[in-house]
Amino acid sequence: MSRSGLPAPEAALHPCVGHVHLKVADLERAIGFYSDVLGFALTQRYGDGAAFLGAGGYHHHIGLNTWESLGAAPPPPGHTGLYHSAFLYPSRQALAQVLARIVAADIPIDGAADHGVSEAIYLRDPDGNGVEVYRDRPPADWPRDAGGRLRMVNAPLDLPALLAEA
């Protein structure tokens with residue numbers, strides 16, 4: 001039985017987020033952020049109100065639309081909604097390169113952390129949506145306690161050292 005009282009799944013789950021679809025106020029501005037700064041490729045437009053972006057030849061990891069949000073303001077703090085979307089980069093150098101584009105675009109960084117298992121940078125897209133860009137360390141390098149249990153941390157990430165690898 002699961003915590004919610006539902007039957008426990010029979011098979012082990014291997015979840016993977018296929019894509020995130022965001023309501024945005026300005027489609028062109030959002031496309032610019034996700035393509036020029038984060039490095040996703042525009043794969044398709046859907047009329048004047050939506051666009052899809054992907055990486056590595058995938059049809060889309062990000063959907064953007066203005067169907068209900070054209071010109072709208074971001075939700076106010078203290079309300080429910082998406083905390084952040086997270087985008088995994090394949091290496092420390094790739095993360096350094098996206099950091100260089102963030103800095104060059106003069107986008108404020110909300111925070112940066114070394115979690116032991118990963119290195120992460122937190123920022124906001126032009127519509128105020130939280131974004132995490134990160135890279136994972138190899139599982140063999142993940143910190144563990146004496147019993148072998150995972151021990152994630154929240155240590156400062158040295159952004160100047162990372163940037164030097166761009």
# chains A, B, ... in the order shown; residues from 1 in each chain; ligands from 1

$ select_by_dssp --residues "chain A" --states "strand (DSSP E)" --output "count of residues only"
46

$ select_by_dssp --residues "chain A" --states "helix (DSSP H, G or I)" --output "PyMOL selection string"
chain A and resi 27-37+92-104+139-141+159-163

$ residues_around --residues "segment 49-51 of chain A" --least-positions-apart "4" --cutoff "10 Å" --atoms "only C-alpha atoms" --output "PDB file with C-alpha atoms, in the first residue's frame"
ATOM      1  CA  HIS A  21       4.890  23.493 -21.428  1.00  0.00           C
ATOM      2  CA  LEU A  22       4.777  27.073 -20.169  1.00  0.00           C
ATOM      3  CA  LYS A  23       2.335  29.941 -20.497  1.00  0.00           C
ATOM      4  CA  VAL A  24       4.317  33.037 -21.474  1.00  0.00           C
ATOM      5  CA  ASP A  26       5.714  37.293 -25.054  1.00  0.00           C
ATOM      6  CA  LEU A  27       6.464  34.345 -27.323  1.00  0.00           C
ATOM      7  CA  GLU A  28       9.458  35.876 -29.133  1.00  0.00           C
ATOM      8  CA  ALA A  30      10.613  33.434 -24.416  1.00  0.00           C
ATOM      9  CA  ILE A  31      11.983  31.770 -27.566  1.00  0.00           C
ATOM     10  CA  LEU A  42      13.372  25.936 -32.159  1.00  0.00           C
ATOM     11  CA  THR A  43      11.783  22.857 -33.746  1.00  0.00           C
ATOM     12  CA  GLN A  44       8.309  24.102 -34.645  1.00  0.00           C
ATOM     13  CA  ARG A  45       5.933  27.024 -34.418  1.00  0.00           C
ATOM     14  CA  HIS A  60      10.486  19.204 -28.023  1.00  0.00           C
ATOM     15  CA  ILE A  62       9.869  22.871 -23.997  1.00  0.00           C
ATOM     16  CA  GLY A  63       6.508  24.110 -25.206  1.00  0.00           C
ATOM     17  CA  LEU A  64       5.716  27.819 -24.997  1.00  0.00           C
ATOM     18  CA  ASN A  65       2.345  29.420 -25.595  1.00  0.00           C
ATOM     19  CA  THR A  66       0.472  32.702 -25.223  1.00  0.00           C
ATOM     20  CA  TRP A  67      -3.009  31.199 -25.638  1.00  0.00           C
ATOM     21  CA  GLU A  68      -4.176  32.375 -22.192  1.00  0.00           C
ATOM     22  CA  SER A  69      -1.288  34.606 -21.200  1.00  0.00           C
ATOM     23  CA  LEU A  70      -0.429  37.088 -23.976  1.00  0.00           C
TER      24      LEU A  70
END

$ closest_residue --among "A:Gly148, A:Arg135, A:Gly128, A:Ala25" --to "Leu82 of chain A" --atoms "only C-alpha atoms"
A:Gly128

$ atom_distance --atom1 "atom CA of Ile102 of chain A" --atom2 "atom CA of Arg151 of chain A"
29.5 Å

$ residues_around --residues "Ala96 of chain A" --least-positions-apart "4" --cutoff "9 Å" --atoms "only C-alpha atoms" --output "PyMOL selection string"
chain A and resi 91-92+100-101+159+162-166

$ write_last_selection --atoms "N, CA and C atoms" --output "short mmCIF file (atom, residue, chain, number, x, y, z; two decimals), in the first residue's frame"
data_model
loop_
_atom_site.label_atom_id
_atom_site.label_comp_id
_atom_site.auth_asym_id
_atom_site.auth_seq_id
_atom_site.Cartn_x
_atom_site.Cartn_y
_atom_site.Cartn_z
N SER A 91 27.72 17.88 -19.33
CA SER A 91 29.06 17.96 -18.75
C SER A 91 29.24 19.27 -18.00
N ARG A 92 30.30 19.33 -17.23
CA ARG A 92 30.64 20.58 -16.52
C ARG A 92 30.95 21.68 -17.53
N ALA A 100 28.07 31.13 -19.08
CA ALA A 100 28.66 32.26 -19.81
C ALA A 100 27.59 33.01 -20.59
N ARG A 101 26.64 32.29 -21.19
CA ARG A 101 25.55 32.96 -21.92
C ARG A 101 24.60 33.69 -20.98
N LEU A 159 31.03 29.86 -8.83
CA LEU A 159 30.68 30.27 -10.18
C LEU A 159 31.88 30.81 -10.97
N LEU A 162 33.69 27.81 -12.28
CA LEU A 162 32.91 27.19 -13.34
C LEU A 162 33.00 28.00 -14.63
N LEU A 163 32.83 29.30 -14.52
CA LEU A 163 32.88 30.18 -15.68
C LEU A 163 34.22 30.08 -16.40
N ALA A 164 35.29 29.85 -15.66
CA ALA A 164 36.61 29.73 -16.27
C ALA A 164 36.72 28.52 -17.19
N GLU A 165 35.79 27.58 -17.06
CA GLU A 165 35.80 26.37 -17.90
C GLU A 165 34.98 26.53 -19.17
N ALA A 166 34.37 27.69 -19.36
CA ALA A 166 33.49 27.90 -20.53
C ALA A 166 34.28 27.90 -21.83
#

$ residues_around --residues "segment 109-119 of chain A" --least-positions-apart "5" --cutoff "8 Å" --atoms "only C-alpha atoms" --output "MDAnalysis selection string"
chainID A and resid 124 134:139 141:143 151:157 159

$ atom_distance --atom1 "atom CA of Ile107 of chain A" --atom2 "atom CA of Val37 of chain A"
9.3 Å

$ atom_distance --atom1 "atom CA of Leu95 of chain A" --atom2 "atom CA of Thr80 of chain A"
28.9 Å

$ closest_residue --among "A:Gly147, A:Gly54, A:Gly5, A:Gly130" --to "Pro77 of chain A" --atoms "only C-alpha atoms"
A:Gly130

$ closest_residue --among "A:His19, A:Pro160, A:Gly57, A:Leu38" --to "Val98 of chain A" --atoms "only C-alpha atoms"
A:Leu38

$ decode --residues "segment 65-78 of chain A" --atoms "N, CA and C atoms" --output "PDB file, in the first residue's frame"
ATOM      1  N   ASN A  65       3.534  28.892 -24.930  1.00  0.00           N
ATOM      2  CA  ASN A  65       2.345  29.420 -25.595  1.00  0.00           C
ATOM      3  C   ASN A  65       1.849  30.681 -24.924  1.00  0.00           C
ATOM      4  N   THR A  66       1.103  31.470 -25.720  1.00  0.00           N
ATOM      5  CA  THR A  66       0.472  32.702 -25.223  1.00  0.00           C
ATOM      6  C   THR A  66      -1.049  32.601 -25.310  1.00  0.00           C
ATOM      7  N   TRP A  67      -1.573  31.390 -25.433  1.00  0.00           N
ATOM      8  CA  TRP A  67      -3.009  31.199 -25.638  1.00  0.00           C
ATOM      9  C   TRP A  67      -3.849  31.852 -24.547  1.00  0.00           C
ATOM     10  N   GLU A  68      -3.420  31.783 -23.300  1.00  0.00           N
ATOM     11  CA  GLU A  68      -4.176  32.375 -22.192  1.00  0.00           C
ATOM     12  C   GLU A  68      -3.353  33.416 -21.431  1.00  0.00           C
ATOM     13  N   SER A  69      -2.208  33.798 -21.991  1.00  0.00           N
ATOM     14  CA  SER A  69      -1.288  34.606 -21.200  1.00  0.00           C
ATOM     15  C   SER A  69      -0.627  35.753 -21.965  1.00  0.00           C
ATOM     16  N   LEU A  70      -1.051  36.030 -23.179  1.00  0.00           N
ATOM     17  CA  LEU A  70      -0.429  37.088 -23.976  1.00  0.00           C
ATOM     18  C   LEU A  70      -0.440  38.405 -23.200  1.00  0.00           C
ATOM     19  N   GLY A  71       0.735  38.966 -22.963  1.00  0.00           N
ATOM     20  CA  GLY A  71       0.851  40.234 -22.250  1.00  0.00           C
ATOM     21  C   GLY A  71       0.616  40.161 -20.752  1.00  0.00           C
ATOM     22  N   ALA A  72       0.446  38.975 -20.216  1.00  0.00           N
ATOM     23  CA  ALA A  72       0.116  38.827 -18.788  1.00  0.00           C
ATOM     24  C   ALA A  72       1.335  39.031 -17.898  1.00  0.00           C
ATOM     25  N   ALA A  73       1.064  39.348 -16.644  1.00  0.00           N
ATOM     26  CA  ALA A  73       2.101  39.486 -15.617  1.00  0.00           C
ATOM     27  C   ALA A  73       2.365  38.116 -14.988  1.00  0.00           C
ATOM     28  N   PRO A  74       3.564  37.906 -14.435  1.00  0.00           N
ATOM     29  CA  PRO A  74       3.849  36.651 -13.727  1.00  0.00           C
ATOM     30  C   PRO A  74       2.944  36.515 -12.500  1.00  0.00           C
ATOM     31  N   PRO A  75       2.725  35.271 -12.033  1.00  0.00           N
ATOM     32  CA  PRO A  75       1.938  35.109 -10.815  1.00  0.00           C
ATOM     33  C   PRO A  75       2.675  35.748  -9.638  1.00  0.00           C
ATOM     34  N   PRO A  76       1.936  36.258  -8.668  1.00  0.00           N
ATOM     35  CA  PRO A  76       2.589  36.893  -7.519  1.00  0.00           C
ATOM     36  C   PRO A  76       3.272  35.862  -6.627  1.00  0.00           C
ATOM     37  N   PRO A  77       4.300  36.288  -5.893  1.00  0.00           N
ATOM     38  CA  PRO A  77       4.943  35.377  -4.934  1.00  0.00           C
ATOM     39  C   PRO A  77       3.932  34.871  -3.913  1.00  0.00           C
ATOM     40  N   GLY A  78       4.197  33.703  -3.390  1.00  0.00           N
ATOM     41  CA  GLY A  78       3.334  33.150  -2.353  1.00  0.00           C
ATOM     42  C   GLY A  78       2.136  32.391  -2.885  1.00  0.00           C
TER      43      GLY A  78
END
